[in-house]
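A.B. asks: Below is the file upload.txt, with compact mmCIF, C-alpha atoms and all ligand atoms.
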```txt
# COMPACT_ATOMS: atom_id res chain seq x y z
CA MET A 1022 25.27 11.72 26.41
CA ARG A 1023 28.56 11.66 24.48
CA ALA A 1024 29.96 9.01 22.20
CA SER A 1025 32.51 8.74 19.51
CA GLY A 1026 32.55 6.76 16.31
CA VAL A 1027 31.50 6.93 12.72
CA VAL A 1028 27.84 7.14 11.70
CA ALA A 1029 27.17 5.84 8.22
CA PRO A 1030 24.98 7.92 5.93
CA LEU A 1031 21.68 6.21 5.41
CA GLU A 1032 20.83 4.17 2.33
CA GLU A 1033 17.08 4.58 1.87
CA HIS A 1034 15.12 5.45 5.03
CA GLY A 1035 15.09 7.51 8.16
CA GLY A 1036 14.21 6.04 11.53
CA ASP A 1037 17.63 4.55 12.16
CA GLY A 1038 18.11 5.96 15.67
CA GLN A 1039 18.40 2.50 17.20
CA ARG A 1040 21.01 1.41 14.66
CA VAL A 1041 23.07 4.52 15.25
CA ALA A 1042 22.85 4.01 19.02
CA ALA A 1043 24.14 0.45 18.62
CA ALA A 1044 26.98 1.60 16.34
CA LEU A 1045 28.08 4.25 18.85
CA GLY A 1046 27.47 2.21 22.01
CA LEU A 1047 24.79 4.64 23.23
CA ASP A 1048 21.73 3.74 25.30
CA PRO A 1049 19.02 3.39 22.57
CA SER A 1050 16.28 4.70 24.90
CA GLY A 1051 18.23 7.94 25.32
CA VAL A 1052 18.54 8.67 21.61
CA LEU A 1053 16.48 11.51 20.13
CA ASP A 1054 15.54 10.17 16.70
CA LEU A 1055 14.77 13.08 14.36
CA SER A 1056 15.56 11.03 11.26
CA ALA A 1057 11.95 9.81 10.91
CA SER A 1058 9.28 12.48 11.08
CA MET A 1059 6.50 11.53 13.48
CA ASN A 1060 3.75 13.75 14.84
CA PRO A 1061 5.53 15.44 17.79
CA VAL A 1062 2.26 16.29 19.57
CA ALA A 1063 0.40 12.96 19.23
CA PRO A 1064 -0.81 11.40 22.49
CA ASP A 1065 1.25 8.41 23.66
CA PRO A 1066 -0.34 5.39 21.89
CA VAL A 1067 0.90 2.88 24.47
CA PRO A 1068 -1.90 3.20 27.10
CA VAL A 1069 -4.51 2.71 24.35
CA LEU A 1070 -2.65 -0.29 22.94
CA ALA A 1071 -2.34 -1.76 26.43
CA ARG A 1072 -6.15 -1.88 26.62
CA HIS A 1073 -6.32 -3.90 23.38
CA LEU A 1074 -3.62 -6.53 23.91
CA ASP A 1075 -6.28 -9.22 24.03
CA ALA A 1076 -6.66 -8.77 20.25
CA THR A 1077 -3.31 -10.47 19.75
CA ARG A 1078 -5.03 -13.80 20.57
CA ARG A 1079 -7.30 -13.54 17.52
CA TYR A 1080 -6.89 -13.18 13.79
CA PRO A 1081 -7.29 -9.54 12.78
CA ASP A 1082 -10.59 -8.15 11.53
CA PRO A 1083 -10.00 -4.67 10.10
CA ARG A 1084 -13.69 -3.83 9.42
CA ARG A 1085 -14.38 -1.68 12.51
CA ALA A 1086 -11.06 0.13 12.09
CA THR A 1087 -11.75 0.77 8.39
CA ALA A 1088 -15.20 2.17 9.21
CA ALA A 1089 -13.72 4.45 11.91
CA LEU A 1090 -11.08 5.72 9.51
CA ALA A 1091 -13.61 6.30 6.72
CA GLU A 1092 -15.73 8.32 9.14
CA MET A 1093 -12.68 10.47 9.99
CA LEU A 1094 -11.90 10.94 6.30
CA GLN A 1095 -15.61 11.60 5.65
CA VAL A 1096 -15.74 9.15 2.76
CA ASP A 1097 -17.66 6.00 1.91
CA GLY A 1098 -15.91 3.09 3.67
CA ARG A 1099 -15.84 1.14 0.38
CA ARG A 1100 -13.28 3.65 -0.92
CA VAL A 1101 -10.84 3.05 1.95
CA LEU A 1102 -8.35 0.20 2.29
CA LEU A 1103 -6.50 -0.12 5.58
CA THR A 1104 -2.89 -1.18 5.04
CA ASN A 1105 0.24 -2.22 6.86
CA GLY A 1106 1.61 1.32 6.94
CA GLY A 1107 1.75 3.86 4.16
CA SER A 1108 4.51 1.75 2.68
CA GLU A 1109 2.16 -1.16 1.96
CA ALA A 1110 -0.32 1.29 0.46
CA ILE A 1111 2.41 2.50 -1.92
CA ALA A 1112 3.49 -1.07 -2.76
CA LEU A 1113 -0.10 -2.15 -3.56
CA VAL A 1114 -0.85 0.86 -5.78
CA ALA A 1115 2.51 0.53 -7.57
CA ALA A 1116 1.87 -3.18 -8.18
CA GLU A 1117 -1.55 -2.33 -9.62
CA VAL A 1118 -0.37 0.37 -12.04
CA ARG A 1119 3.03 -1.31 -12.70
CA THR A 1120 4.38 1.64 -14.70
CA GLY A 1121 4.55 5.11 -13.21
CA TRP A 1122 6.73 8.17 -12.89
CA VAL A 1123 8.62 9.89 -10.09
CA ASP A 1124 10.22 13.33 -10.32
CA GLU A 1125 13.32 12.99 -8.17
CA PRO A 1126 14.04 13.67 -5.46
CA ASP A 1127 11.03 12.09 -3.79
CA PHE A 1128 10.29 9.26 -1.35
CA SER A 1129 12.26 6.18 -2.41
CA LEU A 1130 9.46 3.59 -2.14
CA TYR A 1131 7.65 4.78 -5.30
CA ARG A 1132 10.70 3.97 -7.43
CA ARG A 1133 11.32 0.77 -5.51
CA HIS A 1134 7.86 -0.70 -6.04
CA LEU A 1135 7.11 0.43 -9.60
CA GLU A 1136 7.95 -2.21 -12.19
CA SER A 1137 9.06 0.45 -14.66
CA LEU A 1138 9.39 4.19 -14.87
CA ASP A 1139 7.81 6.07 -17.75
CA PRO A 1140 6.62 9.68 -17.82
CA SER A 1141 3.40 8.56 -19.51
CA GLY A 1142 2.47 6.57 -16.36
CA PRO A 1143 0.78 8.01 -13.26
CA ARG A 1144 3.09 10.30 -11.35
CA PHE A 1145 3.72 9.37 -7.70
CA ARG A 1146 4.26 12.42 -5.55
CA SER A 1147 4.49 13.23 -1.85
CA ASN A 1148 2.55 16.24 -0.55
CA PRO A 1149 4.11 17.91 1.37
CA HIS A 1150 7.14 16.92 -0.57
CA ASN A 1151 9.70 14.63 1.05
CA PRO A 1152 12.43 15.80 1.64
CA THR A 1153 11.81 19.56 1.13
CA GLY A 1154 8.59 19.78 3.20
CA VAL A 1155 6.99 22.09 0.63
CA LEU A 1156 3.26 21.76 -0.14
CA ALA A 1157 2.19 21.20 -3.75
CA ALA A 1158 0.78 24.22 -5.58
CA PRO A 1159 -3.04 24.17 -5.87
CA ASP A 1160 -2.96 23.38 -9.60
CA ASP A 1161 -0.29 20.65 -9.34
CA ARG A 1162 -1.61 17.28 -10.46
CA ALA A 1163 -0.48 13.68 -9.88
CA GLY A 1164 -1.94 10.22 -10.43
CA VAL A 1165 -0.96 9.08 -6.94
CA TRP A 1166 -0.66 11.54 -4.07
CA ASP A 1167 1.17 10.42 -0.97
CA GLU A 1168 -0.36 12.43 1.87
CA ALA A 1169 1.69 10.83 4.65
CA PHE A 1170 2.45 14.27 6.13
CA TYR A 1171 -0.47 16.28 4.71
CA PRO A 1172 -2.71 16.15 7.83
CA LEU A 1173 0.14 17.36 10.04
CA ALA A 1174 0.99 20.20 7.64
CA THR A 1175 -2.53 21.47 6.96
CA GLY A 1176 -4.86 20.23 9.72
CA ARG A 1177 -6.98 18.47 7.07
CA TRP A 1178 -6.96 14.78 6.28
CA THR A 1179 -6.71 15.22 2.51
CA ARG A 1180 -6.47 17.82 -0.25
CA GLY A 1181 -9.32 16.05 -2.01
CA ASP A 1182 -7.59 14.93 -5.23
CA VAL A 1183 -9.46 11.65 -5.04
CA ASP A 1184 -12.48 13.55 -6.36
CA ARG A 1185 -10.41 14.34 -9.49
CA GLY A 1186 -9.65 10.64 -10.00
CA SER A 1187 -6.26 10.49 -8.23
CA VAL A 1188 -5.38 7.75 -5.78
CA VAL A 1189 -4.31 8.94 -2.31
CA VAL A 1190 -2.12 7.00 0.11
CA GLY A 1191 -1.71 7.94 3.75
CA SER A 1192 0.26 6.99 6.83
CA LEU A 1193 -1.33 6.65 10.27
CA THR A 1194 2.18 5.79 11.42
CA LYS A 1195 3.09 9.46 11.03
CA VAL A 1196 -0.18 11.03 12.19
CA LEU A 1197 -0.50 8.86 15.31
CA ALA A 1198 3.27 8.54 15.94
CA CYS A 1199 3.26 4.74 16.08
CA PRO A 1200 5.76 3.54 13.43
CA GLY A 1201 6.02 0.08 15.00
CA LEU A 1202 2.27 -0.50 14.73
CA ARG A 1203 2.21 -0.23 10.91
CA LEU A 1204 -1.04 1.43 9.91
CA GLY A 1205 -1.73 3.27 6.67
CA TYR A 1206 -4.40 3.48 3.99
CA VAL A 1207 -5.38 3.89 0.39
CA LEU A 1208 -8.18 6.31 -0.41
CA ALA A 1209 -9.43 5.39 -3.86
CA PRO A 1210 -11.66 7.23 -6.34
CA ASP A 1211 -13.88 4.14 -6.61
CA PRO A 1212 -14.63 0.94 -4.64
CA ASP A 1213 -13.48 -1.26 -7.57
CA LEU A 1214 -9.89 -0.16 -7.09
CA VAL A 1215 -10.14 -0.90 -3.37
CA ASP A 1216 -11.37 -4.42 -4.23
CA ARG A 1217 -8.49 -5.00 -6.64
CA LEU A 1218 -5.91 -3.72 -4.13
CA ALA A 1219 -7.47 -5.80 -1.35
CA ARG A 1220 -7.05 -8.92 -3.52
CA ARG A 1221 -3.33 -8.11 -3.85
CA GLN A 1222 -2.94 -7.62 -0.11
CA PRO A 1223 -1.54 -10.57 1.86
CA SER A 1224 -4.08 -12.04 4.30
CA TRP A 1225 -4.10 -10.40 7.76
CA SER A 1226 -1.72 -7.75 6.55
CA VAL A 1227 -2.97 -5.23 9.10
CA ASN A 1228 -2.07 -6.61 12.52
CA GLY A 1229 -4.80 -7.40 15.07
CA LEU A 1230 -3.56 -5.02 17.76
CA GLY A 1231 -3.50 -2.09 15.35
CA ALA A 1232 -6.91 -2.97 13.90
CA ALA A 1233 -8.49 -3.33 17.36
CA ALA A 1234 -6.96 -0.15 18.78
CA LEU A 1235 -7.41 2.15 15.76
CA PRO A 1236 -10.93 3.43 16.60
CA ALA A 1237 -9.70 4.46 20.08
CA LEU A 1238 -6.47 5.91 18.68
CA LEU A 1239 -8.50 8.05 16.27
CA THR A 1240 -10.87 9.38 18.96
CA PRO A 1241 -8.61 12.19 20.29
CA VAL A 1242 -7.37 13.25 16.84
CA ASP A 1243 -7.63 17.03 16.46
CA LEU A 1244 -5.83 17.79 13.22
CA PRO A 1245 -6.35 21.59 13.17
CA ALA A 1246 -4.96 21.96 16.73
CA TRP A 1247 -2.10 19.53 16.01
CA ALA A 1248 -1.14 21.36 12.81
CA ARG A 1249 -1.10 24.71 14.68
CA SER A 1250 1.13 23.26 17.44
CA ILE A 1251 3.46 21.71 14.87
CA ALA A 1252 3.71 25.03 12.98
CA GLU A 1253 4.74 26.74 16.24
CA LEU A 1254 7.29 24.01 17.08
CA ARG A 1255 8.62 24.26 13.50
CA ARG A 1256 9.10 28.03 13.91
CA GLN A 1257 11.06 27.35 17.11
CA LEU A 1258 13.11 24.66 15.34
CA VAL A 1259 13.94 27.04 12.47
CA ASP A 1260 14.99 29.80 14.95
CA LEU A 1261 17.13 27.33 16.86
CA LEU A 1262 18.86 26.01 13.73
CA GLU A 1263 19.48 29.53 12.46
CA ARG A 1264 20.98 30.55 15.82
CA HIS A 1265 23.49 27.76 15.26
CA GLY A 1266 24.38 29.09 11.81
CA LEU A 1267 22.31 26.56 9.82
CA ARG A 1268 20.00 27.37 6.90
CA PRO A 1269 16.73 25.38 6.98
CA ARG A 1270 14.54 25.77 3.90
CA PRO A 1271 11.05 27.20 4.44
CA ALA A 1272 8.68 24.23 4.87
CA ALA A 1273 5.09 23.42 5.79
CA ALA A 1274 5.78 19.91 7.07
CA ASN A 1275 6.78 18.39 10.40
CA PHE A 1276 10.38 18.34 9.15
CA VAL A 1277 12.79 20.78 7.56
CA LEU A 1278 15.57 20.32 5.03
CA VAL A 1279 18.91 21.88 5.89
CA ALA A 1280 21.50 22.58 3.20
CA GLY A 1281 25.24 22.96 3.77
CA ALA A 1282 25.15 20.43 6.60
CA THR A 1283 28.07 18.18 5.68
CA GLY A 1284 29.14 16.15 8.71
CA LEU A 1285 26.30 17.41 10.90
CA ARG A 1286 24.62 13.98 11.17
CA SER A 1287 27.81 12.43 12.55
CA ARG A 1288 28.50 15.30 14.91
CA LEU A 1289 24.96 15.32 16.34
CA ALA A 1290 24.97 11.53 16.69
CA GLN A 1291 27.90 11.81 19.11
CA SER A 1292 25.43 13.66 21.38
CA GLY A 1293 22.65 11.10 20.89
CA VAL A 1294 20.60 13.07 18.32
CA VAL A 1295 19.97 11.40 14.95
CA VAL A 1296 18.96 13.34 11.84
CA ARG A 1297 18.30 12.05 8.31
CA ASP A 1298 21.20 12.07 5.91
CA CYS A 1299 19.86 13.02 2.45
CA THR A 1300 22.51 11.41 0.24
CA SER A 1301 19.97 8.82 -0.96
CA PHE A 1302 17.79 11.72 -2.19
CA GLY A 1303 20.74 12.94 -4.29
CA LEU A 1304 21.36 15.75 -1.77
CA PRO A 1305 24.65 14.74 -0.12
CA ASP A 1306 25.29 17.92 1.87
CA HIS A 1307 21.75 18.09 3.28
CA VAL A 1308 20.06 16.71 6.37
CA ARG A 1309 16.34 16.42 7.11
CA VAL A 1310 15.38 17.23 10.68
CA ALA A 1311 12.00 16.23 12.15
CA VAL A 1312 10.16 18.84 14.20
CA PRO A 1313 10.66 17.66 17.80
CA ASP A 1314 8.44 18.33 20.84
CA ALA A 1315 9.48 21.00 23.38
CA ASP A 1316 11.83 18.63 25.24
CA GLY A 1317 13.37 17.54 21.96
CA LEU A 1318 14.02 21.17 21.00
CA HIS A 1319 16.04 21.63 24.23
CA ARG A 1320 17.90 18.40 23.56
CA LEU A 1321 18.72 19.46 20.00
CA ASP A 1322 19.83 22.90 21.19
CA ALA A 1323 22.21 21.32 23.72
CA ALA A 1324 23.55 18.88 21.11
CA LEU A 1325 24.18 21.73 18.65
CA GLU A 1326 25.99 23.67 21.42
CA GLU A 1327 28.22 20.62 21.88
CA THR A 1328 28.89 20.31 18.14
CA ASP A 1329 29.64 24.07 17.94
CA ASP A 1330 32.25 23.54 20.69
CA ARG A 1331 33.78 20.50 19.03
C1 LIG B 1401 6.45 10.32 2.10
C2 LIG B 1401 6.27 9.05 2.88
N1 LIG B 1401 5.25 8.24 2.57
C3 LIG B 1401 5.04 7.10 3.21
C4 LIG B 1401 5.88 6.69 4.22
C5 LIG B 1401 5.62 5.35 4.86
O1 LIG B 1401 5.21 5.45 6.16
P1 LIG B 1401 4.73 4.18 6.97
O2 LIG B 1401 4.86 2.99 6.12
O3 LIG B 1401 5.58 4.11 8.18
O4 LIG B 1401 3.28 4.47 7.29
C6 LIG B 1401 6.96 7.49 4.59
C7 LIG B 1401 7.88 7.06 5.65
O5 LIG B 1401 8.91 7.62 5.88
C8 LIG B 1401 7.16 8.71 3.90
O6 LIG B 1401 8.19 9.52 4.20
```
Give the structure from this file in structure tokens form.
Ligand SMILES: Cc1ncc(COP(=O)(O)O)c(C=O)c1O

C.D. replies:
Amino acid sequence: MRASGVVAPLEEHGGDGQRVAAALGLDPSGVLDLSASMNPVAPDPVPVLARHLDATRRYPDPRRATAALAEMLQVDGRRVLLTNGGSEAIALVAAEVRTGWVDEPDFSLYRRHLESLDPSGPRFRSNPHNPTGVLAAPDDRAGVWDEAFYPLATGRWTRGDVDRGSVVVGSLTKVLACPGLRLGYVLAPDPDLVDRLARRQPSWSVNGLGAAALPALLTPVDLPAWARSIAELRRQLVDLLERHGLRPRPAAANFVLVAGATGLRSRLAQSGVVVRDCTSFGLPDHVRVAVPDADGLHRLDAALEETDDR
């Protein structure tokens, strides 16, 4: 697939493959979107969702899904709040604490949802860090840990900071590779916080299809095996990028940060591959590249060949 045109750097988020396809006149279904970092080895969620479509005729009831998730996380269900993606989890916690702190660069939604920034407030921090993909050191502390990518990096659901009084937010969107379904969670140190956050949550915030399908979507989850496969795919991605003269930073996540990549996003987009521009992180000459599956690695290799030739 070849196209020509200009691809704007991204303002705040990845996952803009469809927008780029429209801007370049490419077939959206043929675009390889490596700008949002999903689990590249998750089973296809669509057959499971197809078995639960009937749920769309009823108002959602998230209780079974919450219990299934709590069982996976091995915590008391009263400490878990199911949310409309990790982004709602972040918005709810930020609204509750109002003032917090973010060491930049980090994921933009902490800053966006906090009323004010003050270093005396709880620090919001992604682990592994977005956009570098580096895991926090064992003695690093934060008030709010965003573990959106932690299960995929480590094979464990959580580092366990909730037992030290931190709040943890997570993204099933990433783990189950279903960004359109919008599922995430808050794992709280105590049930009172879950109650307060639940009162802030709009009614029926978690959609009925997601709530009905979640127990079945969680059944095949094998985090240790998935994390091993992702680590192997990441090694192949790093080799591939280095063969093309790029310098990815060492990372533990299902994405890597590449410095010295000015213009790479636009050049790759001409071949139908979309990577994350990092200007909004304050890193204008960097791109973030999600770890693709085996087919995606071939696709990326071919696209880089084309950009090398251009
Ligand atoms: C660090 C981090 N946390 C949370 C999210 C939100 O994920 P979602 O709302 O799709 O579950 C993202 C999405 O990119 C992210 O990068």

A.B. asks: List as a PyMOL selection string the protein and nucleic acid residues near Leu1235 of chain A, meaning an atom at most 10 Å away when only C-alpha atoms are counted, but skip any in the same chain fewer than 2 places from it.

C.D. replies: chain A and resi 1066+1069-1070+1073+1083+1085-1087+1089-1090+1193+1197+1204+1229-1233+1237-1240

A.B. asks: Choose the residue, out of A:Thr1120, A:Thr1175, A:Ser1192, A:Ser1226, that has the smallest atom-to-atom separation from Met1059 of chain A; count only C-alpha atoms.

C.D. replies: A:Ser1192

A.B. asks: Which residues sit within 10 Å of ligand LIG 1401 (chain B), counting all atoms listed in the file, listed as number ranges by chain?

C.D. replies: A: 1033-1036, 1056-1059, 1104-1112, 1127-1131, 1146-1152, 1154, 1166-1171, 1190-1206

A.B. asks: Can you spit out the residues from that selection as an mmCIF file, keeping the file's coordinate frame, using C-alpha atoms?

C.D. replies:
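Resulting contents of again.cif:
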```
data_model
loop_
_atom_site.group_PDB
_atom_site.id
_atom_site.type_symbol
_atom_site.label_atom_id
_atom_site.label_comp_id
_atom_site.auth_asym_id
_atom_site.auth_seq_id
_atom_site.Cartn_x
_atom_site.Cartn_y
_atom_site.Cartn_z
ATOM 1 C CA GLU A 1033 17.080 4.580 1.870
ATOM 2 C CA HIS A 1034 15.120 5.450 5.030
ATOM 3 C CA GLY A 1035 15.090 7.510 8.160
ATOM 4 C CA GLY A 1036 14.210 6.040 11.530
ATOM 5 C CA SER A 1056 15.560 11.030 11.260
ATOM 6 C CA ALA A 1057 11.950 9.810 10.910
ATOM 7 C CA SER A 1058 9.280 12.480 11.080
ATOM 8 C CA MET A 1059 6.500 11.530 13.480
ATOM 9 C CA THR A 1104 -2.890 -1.180 5.040
ATOM 10 C CA ASN A 1105 0.240 -2.220 6.860
ATOM 11 C CA GLY A 1106 1.610 1.320 6.940
ATOM 12 C CA GLY A 1107 1.750 3.860 4.160
ATOM 13 C CA SER A 1108 4.510 1.750 2.680
ATOM 14 C CA GLU A 1109 2.160 -1.160 1.960
ATOM 15 C CA ALA A 1110 -0.320 1.290 0.460
ATOM 16 C CA ILE A 1111 2.410 2.500 -1.920
ATOM 17 C CA ALA A 1112 3.490 -1.070 -2.760
ATOM 18 C CA ASP A 1127 11.030 12.090 -3.790
ATOM 19 C CA PHE A 1128 10.290 9.260 -1.350
ATOM 20 C CA SER A 1129 12.260 6.180 -2.410
ATOM 21 C CA LEU A 1130 9.460 3.590 -2.140
ATOM 22 C CA TYR A 1131 7.650 4.780 -5.300
ATOM 23 C CA ARG A 1146 4.260 12.420 -5.550
ATOM 24 C CA SER A 1147 4.490 13.230 -1.850
ATOM 25 C CA ASN A 1148 2.550 16.240 -0.550
ATOM 26 C CA PRO A 1149 4.110 17.910 1.370
ATOM 27 C CA HIS A 1150 7.140 16.920 -0.570
ATOM 28 C CA ASN A 1151 9.700 14.630 1.050
ATOM 29 C CA PRO A 1152 12.430 15.800 1.640
ATOM 30 C CA GLY A 1154 8.590 19.780 3.200
ATOM 31 C CA TRP A 1166 -0.660 11.540 -4.070
ATOM 32 C CA ASP A 1167 1.170 10.420 -0.970
ATOM 33 C CA GLU A 1168 -0.360 12.430 1.870
ATOM 34 C CA ALA A 1169 1.690 10.830 4.650
ATOM 35 C CA PHE A 1170 2.450 14.270 6.130
ATOM 36 C CA TYR A 1171 -0.470 16.280 4.710
ATOM 37 C CA VAL A 1190 -2.120 7.000 0.110
ATOM 38 C CA GLY A 1191 -1.710 7.940 3.750
ATOM 39 C CA SER A 1192 0.260 6.990 6.830
ATOM 40 C CA LEU A 1193 -1.330 6.650 10.270
ATOM 41 C CA THR A 1194 2.180 5.790 11.420
ATOM 42 C CA LYS A 1195 3.090 9.460 11.030
ATOM 43 C CA VAL A 1196 -0.180 11.030 12.190
ATOM 44 C CA LEU A 1197 -0.500 8.860 15.310
ATOM 45 C CA ALA A 1198 3.270 8.540 15.940
ATOM 46 C CA CYS A 1199 3.260 4.740 16.080
ATOM 47 C CA PRO A 1200 5.760 3.540 13.430
ATOM 48 C CA GLY A 1201 6.020 0.080 15.000
ATOM 49 C CA LEU A 1202 2.270 -0.500 14.730
ATOM 50 C CA ARG A 1203 2.210 -0.230 10.910
ATOM 51 C CA LEU A 1204 -1.040 1.430 9.910
ATOM 52 C CA GLY A 1205 -1.730 3.270 6.670
ATOM 53 C CA TYR A 1206 -4.400 3.480 3.990
#
```

A.B. asks: Taking into account only C-alpha atoms, which residue in the set A:Ala1174, A:Val1207, A:Val1259, A:Leu1254 is nearest to Leu1102 of chain A?

C.D. replies: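 So, comparing all the options, the nearest one is A:Val1207.
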
A.B. asks: So how far away is atom CA of Pro1081 of chain A from atom CA of Gly1098 of chain A, in Å?

C.D. replies: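 About the pair atom CA of Gly1098 of chain A and atom CA of Pro1081 of chain A: they are 17.8 Å apart.
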
A.B. asks: Considering all atoms listed in the file, state which residue in the set A:Val1189, A:Leu1304, A:Ala1290, A:Val1155 is at the smallest distance from Ala1273 of chain A.

C.D. replies: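 Looking only at the distances to Ala1273 of chain A, the closest residue turns out to be A:Val1155.
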
A.B. asks: Can you measure atom CA of Ala1246 of chain A to atom CA of Arg1084 of chain A for me? One decimal in Å is fine.

C.D. replies: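 Distance reported for this atom pair: 28.2 Å.
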
A.B. asks: Show me, as a list in words, the residues that have an atom within 8 Å of Asp1298 of chain A when counting all atoms listed in the file, minus same-chain residues fewer than 2 positions from it.

C.D. replies: Pro1030, Leu1031, Gly1035, Ser1056, Arg1286, Val1296, Thr1300, Ser1301, Pro1305, His1307, Val1308 and Arg1309 of chain A

A.B. asks: Mind giving me the straight-line distance from atom CA of Asp1054 of chain A to atom CA of Asp1037 of chain A in Å, one decimal?

C.D. replies: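 Taking atom CA of Asp1054 of chain A as the start and atom CA of Asp1037 of chain A as the end point, the length is 7.5 Å.
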
A.B. asks: Would you kindly return, as a list of chain:residue names, each protein, DNA or RNA residue with an atom no farther than 8 Å from any atom of Val1052 of chain A, considering only C-alpha atoms and excluding same-chain residues fewer than 2 positions away?

C.D. replies: A:Gly1038, A:Gln1039, A:Ala1042, A:Leu1047, A:Asp1048, A:Pro1049, A:Ser1050, A:Asp1054, A:Gly1293, A:Val1294, A:Val1295

A.B. asks: Do a neighbour search on segment 1208-1225 of chain A at 8 Å with only C-alpha atoms, toss out local chain neighbours closer than 6 positions, and write the hits as a PyMOL selection string.

C.D. replies: chain A and resi 1080-1082+1099-1102+1113-1114+1117+1183-1191

A.B. asks: Is it possible to add N, CA and C atoms to segment 1045-1059 of chain A and hand it back as a PDB file, keeping the file's coordinate frame?

C.D. replies:
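As written to disk, out27.pdb reads:
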```
ATOM      1  N   LEU A1045      27.275   3.345  18.011  1.00  0.00           N
ATOM      2  CA  LEU A1045      28.080   4.250  18.850  1.00  0.00           C
ATOM      3  C   LEU A1045      28.148   3.795  20.308  1.00  0.00           C
ATOM      4  N   GLY A1046      27.463   2.687  20.628  1.00  0.00           N
ATOM      5  CA  GLY A1046      27.470   2.210  22.010  1.00  0.00           C
ATOM      6  C   GLY A1046      26.680   3.113  22.935  1.00  0.00           C
ATOM      7  N   LEU A1047      25.639   3.777  22.400  1.00  0.00           N
ATOM      8  CA  LEU A1047      24.790   4.640  23.230  1.00  0.00           C
ATOM      9  C   LEU A1047      23.583   3.859  23.716  1.00  0.00           C
ATOM     10  N   ASP A1048      22.972   4.336  24.811  1.00  0.00           N
ATOM     11  CA  ASP A1048      21.730   3.740  25.300  1.00  0.00           C
ATOM     12  C   ASP A1048      20.613   4.096  24.300  1.00  0.00           C
ATOM     13  N   PRO A1049      20.013   3.091  23.613  1.00  0.00           N
ATOM     14  CA  PRO A1049      19.020   3.390  22.570  1.00  0.00           C
ATOM     15  C   PRO A1049      17.840   4.210  23.101  1.00  0.00           C
ATOM     16  N   SER A1050      17.458   3.984  24.388  1.00  0.00           N
ATOM     17  CA  SER A1050      16.280   4.700  24.900  1.00  0.00           C
ATOM     18  C   SER A1050      16.581   6.194  25.094  1.00  0.00           C
ATOM     19  N   GLY A1051      17.878   6.530  25.118  1.00  0.00           N
ATOM     20  CA  GLY A1051      18.230   7.940  25.320  1.00  0.00           C
ATOM     21  C   GLY A1051      18.436   8.699  24.016  1.00  0.00           C
ATOM     22  N   VAL A1052      18.281   8.004  22.888  1.00  0.00           N
ATOM     23  CA  VAL A1052      18.540   8.670  21.610  1.00  0.00           C
ATOM     24  C   VAL A1052      17.317   9.485  21.171  1.00  0.00           C
ATOM     25  N   LEU A1053      17.552  10.699  20.715  1.00  0.00           N
ATOM     26  CA  LEU A1053      16.480  11.510  20.130  1.00  0.00           C
ATOM     27  C   LEU A1053      16.519  11.296  18.623  1.00  0.00           C
ATOM     28  N   ASP A1054      15.519  10.551  18.115  1.00  0.00           N
ATOM     29  CA  ASP A1054      15.540  10.170  16.700  1.00  0.00           C
ATOM     30  C   ASP A1054      14.737  11.180  15.877  1.00  0.00           C
ATOM     31  N   LEU A1055      15.431  12.094  15.227  1.00  0.00           N
ATOM     32  CA  LEU A1055      14.770  13.080  14.360  1.00  0.00           C
ATOM     33  C   LEU A1055      14.983  12.731  12.891  1.00  0.00           C
ATOM     34  N   SER A1056      15.329  11.452  12.643  1.00  0.00           N
ATOM     35  CA  SER A1056      15.560  11.030  11.260  1.00  0.00           C
ATOM     36  C   SER A1056      14.268  10.534  10.618  1.00  0.00           C
ATOM     37  N   ALA A1057      13.288  10.124  11.436  1.00  0.00           N
ATOM     38  CA  ALA A1057      11.950   9.810  10.910  1.00  0.00           C
ATOM     39  C   ALA A1057      11.021  10.868  11.479  1.00  0.00           C
ATOM     40  N   SER A1058      10.064  11.317  10.677  1.00  0.00           N
ATOM     41  CA  SER A1058       9.280  12.480  11.080  1.00  0.00           C
ATOM     42  C   SER A1058       7.895  12.057  11.562  1.00  0.00           C
ATOM     43  N   MET A1059       7.790  11.882  12.883  1.00  0.00           N
ATOM     44  CA  MET A1059       6.500  11.530  13.480  1.00  0.00           C
ATOM     45  C   MET A1059       5.796  12.800  13.963  1.00  0.00           C
TER      46      MET A1059
END
```
